[in-house]
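Source file: start-v9.tsv (TSV, C-alpha atoms)
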chain	number	residue	atom	x	y	z
A	60	MET	CA	23.91	-31.51	0.41
A	61	GLN	CA	21.95	-28.82	2.22
A	62	ASP	CA	18.30	-28.03	1.60
A	63	ASP	CA	17.54	-25.67	-1.28
A	64	LEU	CA	16.71	-22.67	0.86
A	65	LEU	CA	16.11	-20.54	-2.23
A	66	ARG	CA	13.25	-22.74	-3.43
A	67	GLN	CA	11.65	-22.66	0.03
A	68	LEU	CA	12.16	-18.91	0.24
A	69	HIS	CA	10.24	-18.45	-3.01
A	70	ALA	CA	7.25	-20.30	-1.54
A	71	PHE	CA	7.54	-18.45	1.77
A	72	GLY	CA	7.52	-15.08	-0.03
A	73	ALA	CA	4.41	-16.02	-1.98
A	74	VAL	CA	2.60	-17.11	1.20
A	75	ALA	CA	3.63	-13.95	3.06
A	76	GLU	CA	2.74	-11.55	0.26
A	77	SER	CA	-0.50	-13.20	-0.80
A	78	GLY	CA	-1.80	-13.46	2.75
A	79	GLY	CA	-1.99	-17.20	3.24
A	80	ILE	CA	-1.53	-20.71	1.98
A	81	ARG	CA	-4.58	-20.92	-0.27
A	82	PRO	CA	-3.98	-17.63	-2.13
A	83	SER	CA	-0.27	-18.45	-2.51
A	84	SER	CA	-1.17	-21.77	-4.08
A	85	LEU	CA	-2.74	-19.88	-6.97
A	86	VAL	CA	0.34	-17.66	-7.35
A	87	LEU	CA	2.74	-20.62	-7.17
A	88	ALA	CA	0.52	-23.01	-9.15
A	89	ARG	CA	0.99	-25.54	-6.35
A	90	SER	CA	-1.39	-27.37	-4.08
A	91	PRO	CA	-2.02	-25.85	-0.63
A	92	ALA	CA	-0.33	-28.92	0.90
A	93	THR	CA	2.84	-28.24	-1.11
A	94	SER	CA	2.92	-24.62	0.05
A	95	THR	CA	2.33	-25.72	3.65
A	96	ARG	CA	5.22	-28.19	3.45
A	97	ALA	CA	7.51	-25.55	1.92
A	98	VAL	CA	6.84	-23.10	4.77
A	99	ALA	CA	7.31	-25.85	7.38
A	100	ARG	CA	10.59	-26.90	5.72
A	101	MET	CA	11.78	-23.29	5.71
A	102	GLU	CA	10.97	-22.94	9.41
A	103	ARG	CA	12.85	-26.18	10.07
A	104	ILE	CA	15.90	-25.06	8.04
A	105	LEU	CA	16.07	-21.75	9.91
A	106	ALA	CA	14.86	-23.19	13.23
A	107	VAL	CA	12.49	-20.26	13.72
A	108	MET	CA	8.73	-19.71	13.44
A	109	LEU	CA	7.93	-17.46	10.50
A	110	PHE	CA	4.15	-17.32	10.90
A	111	GLU	CA	1.68	-17.29	13.76
A	112	ARG	CA	-1.10	-19.70	12.84
A	113	THR	CA	-4.48	-18.46	14.00
A	114	VAL	CA	-8.07	-19.33	13.29
A	115	GLY	CA	-8.20	-16.24	11.06
A	116	GLY	CA	-5.14	-17.25	9.04
A	117	MET	CA	-1.42	-16.74	9.13
A	118	ARG	CA	0.40	-13.65	10.38
A	119	LEU	CA	4.12	-12.98	10.03
A	120	THR	CA	6.16	-13.15	13.20
A	121	PRO	CA	8.92	-10.56	13.68
A	122	ALA	CA	11.32	-13.22	12.41
A	123	GLY	CA	9.08	-13.77	9.40
A	124	ALA	CA	9.13	-10.04	8.64
A	125	GLY	CA	12.94	-10.07	8.68
A	126	VAL	CA	13.08	-13.09	6.41
A	127	LEU	CA	10.53	-11.50	4.06
A	128	ALA	CA	12.79	-8.45	3.64
A	129	ARG	CA	15.61	-10.75	2.47
A	130	ALA	CA	13.20	-12.72	0.29
A	131	ARG	CA	12.21	-9.51	-1.47
A	132	ARG	CA	15.84	-8.50	-2.08
A	133	ILE	CA	16.53	-11.93	-3.53
A	134	ARG	CA	13.43	-11.82	-5.70
A	135	ASP	CA	14.46	-8.39	-6.99
A	136	GLU	CA	17.93	-9.70	-7.95
A	137	LEU	CA	16.46	-12.67	-9.81
A	138	ALA	CA	13.74	-10.51	-11.39
A	139	ALA	CA	16.47	-8.25	-12.81
A	140	VAL	CA	18.15	-11.29	-14.40
A	141	HIS	CA	14.80	-12.49	-15.74
A	142	ALA	CA	13.98	-9.09	-17.24
A	143	GLN	CA	17.42	-8.86	-18.87
A	144	ALA	CA	16.97	-12.35	-20.32
A	145	LEU	CA	13.60	-11.38	-21.78
A	146	ASP	CA	15.04	-8.19	-23.30
A	147	SER	CA	18.27	-9.74	-24.57
A	148	ARG	CA	19.02	-9.71	-28.29
A	149	GLN	CA	21.22	-12.78	-27.74
A	150	ARG	CA	18.27	-14.98	-26.88
A	151	THR	CA	18.18	-18.29	-28.71
A	152	GLY	CA	15.06	-19.68	-27.10
A	153	PRO	CA	12.17	-18.91	-24.78
A	154	VAL	CA	12.78	-17.64	-21.26
A	155	ALA	CA	11.21	-19.70	-18.48
A	156	ALA	CA	9.13	-18.17	-15.71
A	157	LEU	CA	10.94	-16.26	-12.98
A	158	SER	CA	10.29	-19.14	-10.56
A	159	ALA	CA	12.71	-21.33	-12.55
A	160	LEU	CA	15.61	-19.19	-11.30
A	161	PHE	CA	14.86	-20.07	-7.67
A	162	ASN	CA	17.33	-22.97	-7.67
A	163	GLU	CA	20.21	-22.46	-5.26
A	164	ARG	CA	22.35	-25.32	-6.55
A	165	ARG	CA	22.32	-24.05	-10.15
A	166	LEU	CA	23.29	-20.57	-9.04
A	167	GLN	CA	26.12	-21.96	-6.88
A	168	LEU	CA	27.48	-23.98	-9.77
A	169	ALA	CA	27.25	-21.04	-12.19
A	170	VAL	CA	29.14	-18.76	-9.80
A	171	ALA	CA	31.77	-21.46	-9.20
A	172	LEU	CA	32.17	-22.02	-12.94
A	173	ALA	CA	32.62	-18.28	-13.51
A	174	LEU	CA	35.40	-18.29	-10.91
A	175	LEU	CA	37.13	-21.57	-11.79
A	176	GLY	CA	36.45	-21.74	-15.52
A	177	ARG	CA	36.49	-25.54	-15.77
A	178	MET	CA	33.66	-27.98	-15.10
A	179	PRO	CA	35.93	-30.68	-13.64
A	180	ASP	CA	37.18	-28.19	-11.04
A	181	VAL	CA	33.62	-27.15	-10.20
A	182	ALA	CA	32.54	-30.80	-9.94
A	183	HIS	CA	35.41	-31.53	-7.56
A	184	LEU	CA	34.65	-28.46	-5.43
A	185	ALA	CA	30.91	-29.22	-5.29
A	186	ASP	CA	31.47	-32.97	-4.81
A	187	VAL	CA	29.25	-33.86	-7.76
A	188	SER	CA	29.92	-35.42	-11.14
A	189	GLN	CA	30.99	-33.35	-14.12
A	190	PRO	CA	27.82	-34.37	-16.01
A	191	ALA	CA	25.77	-33.04	-13.08
A	192	VAL	CA	27.52	-29.67	-13.39
A	193	SER	CA	27.06	-29.69	-17.16
A	194	GLN	CA	23.37	-30.54	-16.81
A	195	ALA	CA	22.78	-27.81	-14.20
A	196	ILE	CA	24.46	-25.16	-16.36
A	197	ALA	CA	22.59	-26.34	-19.46
A	198	ARG	CA	19.30	-26.13	-17.56
A	199	LEU	CA	20.09	-22.63	-16.30
A	200	GLU	CA	20.94	-21.52	-19.82
A	201	ALA	CA	17.75	-23.11	-21.18
A	202	ASP	CA	15.70	-21.30	-18.51
A	203	LEU	CA	17.34	-18.01	-19.51
A	204	GLY	CA	16.93	-18.73	-23.23
A	205	GLN	CA	20.61	-18.14	-24.05
A	206	PRO	CA	24.16	-19.12	-23.19
A	207	VAL	CA	25.58	-17.89	-19.90
A	208	PHE	CA	29.05	-19.25	-20.73
A	209	VAL	CA	31.23	-19.28	-23.84
A	210	ARG	CA	32.49	-22.75	-24.65
A	211	GLY	CA	35.47	-23.84	-26.70
A	212	GLY	CA	38.49	-22.28	-25.03
A	213	PRO	CA	40.67	-23.68	-22.30
A	214	ARG	CA	38.37	-22.01	-19.77
A	215	MET	CA	34.63	-21.42	-19.83
A	216	GLU	CA	34.08	-17.70	-19.46
A	217	PRO	CA	30.75	-15.98	-18.89
A	218	THR	CA	29.18	-14.24	-21.86
A	219	ASP	CA	28.83	-10.47	-21.56
A	220	ILE	CA	25.33	-10.75	-20.16
A	221	GLY	CA	26.36	-13.85	-18.19
A	222	SER	CA	28.96	-11.74	-16.37
A	223	ARG	CA	26.22	-9.38	-15.22
A	224	TRP	CA	24.04	-12.30	-14.15
A	225	ILE	CA	26.86	-13.86	-12.14
A	226	ILE	CA	26.96	-10.64	-10.09
A	227	HIS	CA	23.23	-10.98	-9.35
A	228	PHE	CA	23.64	-14.69	-8.55
A	229	THR	CA	26.49	-13.88	-6.16
A	230	ARG	CA	24.29	-11.34	-4.37
A	231	VAL	CA	21.50	-13.90	-4.06
A	232	LEU	CA	23.88	-16.49	-2.61
A	233	HIS	CA	25.26	-13.89	-0.19
A	234	GLU	CA	21.74	-13.05	0.99
A	235	LEU	CA	21.05	-16.75	1.53
A	236	GLN	CA	24.29	-17.15	3.48
A	237	GLN	CA	23.37	-14.16	5.64
A	238	LEU	CA	19.90	-15.57	6.19
A	239	ARG	CA	21.33	-18.88	7.38
A	240	GLN	CA	23.82	-17.13	9.68
A	241	CYS	CA	21.38	-14.58	11.06
A	242	ALA	CA	18.42	-16.91	11.60
A	243	GLY	CA	19.36	-17.22	15.26
A	244	ALA	CA	18.99	-13.47	15.71
A	245	TYR	CA	15.33	-13.79	14.71
A	246	ARG	CA	14.58	-16.20	17.56
A	247	PRO	CA	12.88	-14.69	20.60

Produce structure tokens that represent the structure in this file.
Amino acid sequence: MQDDLLRQLHAFGAVAESGGIRPSSLVLARSPATSTRAVARMERILAVMLFERTVGGMRLTPAGAGVLARARRIRDELAAVHAQALDSRQRTGPVAALSALFNERRLQLAVALALLGRMPDVAHLADVSQPAVSQAIARLEADLGQPVFVRGGPRMEPTDIGSRWIIHFTRVLHELQQLRQCAGAYRP
């Protein structure tokens, strides 16, 4: 299984927009060491330096600026889902913080389930157990405070709002795919 680039991208965006590791730690509610590891992992995944480390702090490289643009588009997609979840009349529970949506695997499984309609098919495609798929979807729904899928028929179909969210999730996954493919273009 590949690294969860989306989770690392969330940390990278916080570091880039807050101006450094220490300020991002407050935004992310993580230790500075955790933020440092996340940025290093992201640089390793993409095989490119995202920041110039200087005595005065961290400054985005040209590659980092390109990655930040994608990070912002992704954040905007997930923020739209989060806002819709908060405003939804279908809510059955609390909505988690926006950061909870930065989980690439859950988004992949939700998009696959919307396409295939059956958890066993998604489990086979993703090479995971059916309970793992079920747990990931249940966690996503809990984070959004409402069902994303209608259960009970021969196929699991997205709810009305779930259909809109699947579109956002697909865009996020496309951005991540493009980021992985284009990372080489950011190298000097």

Pick from A:Gln67, A:Gln149, A:Ser77, A:Gln143, whichever lies nearest to Ala99 in chain A using all atoms listed in the file: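 Of all the options, A:Gln67 lies closest to Ala99 in chain A.
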
Selection near Arg214 in chain A, 7 Å with all atoms listed in the file, sequence-local residues under 2 positions removed, as number ranges by chain: A: 176-177, 212, 216

Which of these residues is nearest to Leu68 in chain A, using all atoms listed in the file: A:Val126, A:Val114, A:Leu157, A:Ile196? A:Val126

List the neighbours of Gly79 in chain A out to 7 Å using only C-alpha atoms; skip same-chain residues closer than 4 positions along the sequence, and give me the result as an NGL selection string. :A and (74-75 or 83 or 116-117)

Selection from above, C-alpha atoms, as a compact mmCIF listing (two decimals), in the frame of the given file, can you write it?
# COMPACT_ATOMS: atom_id res chain seq x y z
CA VAL A 74 2.60 -17.11 1.20
CA ALA A 75 3.63 -13.95 3.06
CA SER A 83 -0.27 -18.45 -2.51
CA GLY A 116 -5.14 -17.25 9.04
CA MET A 117 -1.42 -16.74 9.13

Excluding Thr95 in chain A and its own-chain neighbours fewer than 3 positions away, which residues fall within 9 Å of it when counting all atoms listed in the file? Please give them as a list of chain:residue names. A:Ala70, A:Val74, A:Ile80, A:Ser90, A:Pro91, A:Ala92, A:Val98, A:Ala99, A:Arg100

Just checking: using all atoms listed in the file, which residue out of A:Ser147, A:Phe208, A:Leu137, A:Met215 ends up closest to Leu175 in chain A? A:Met215
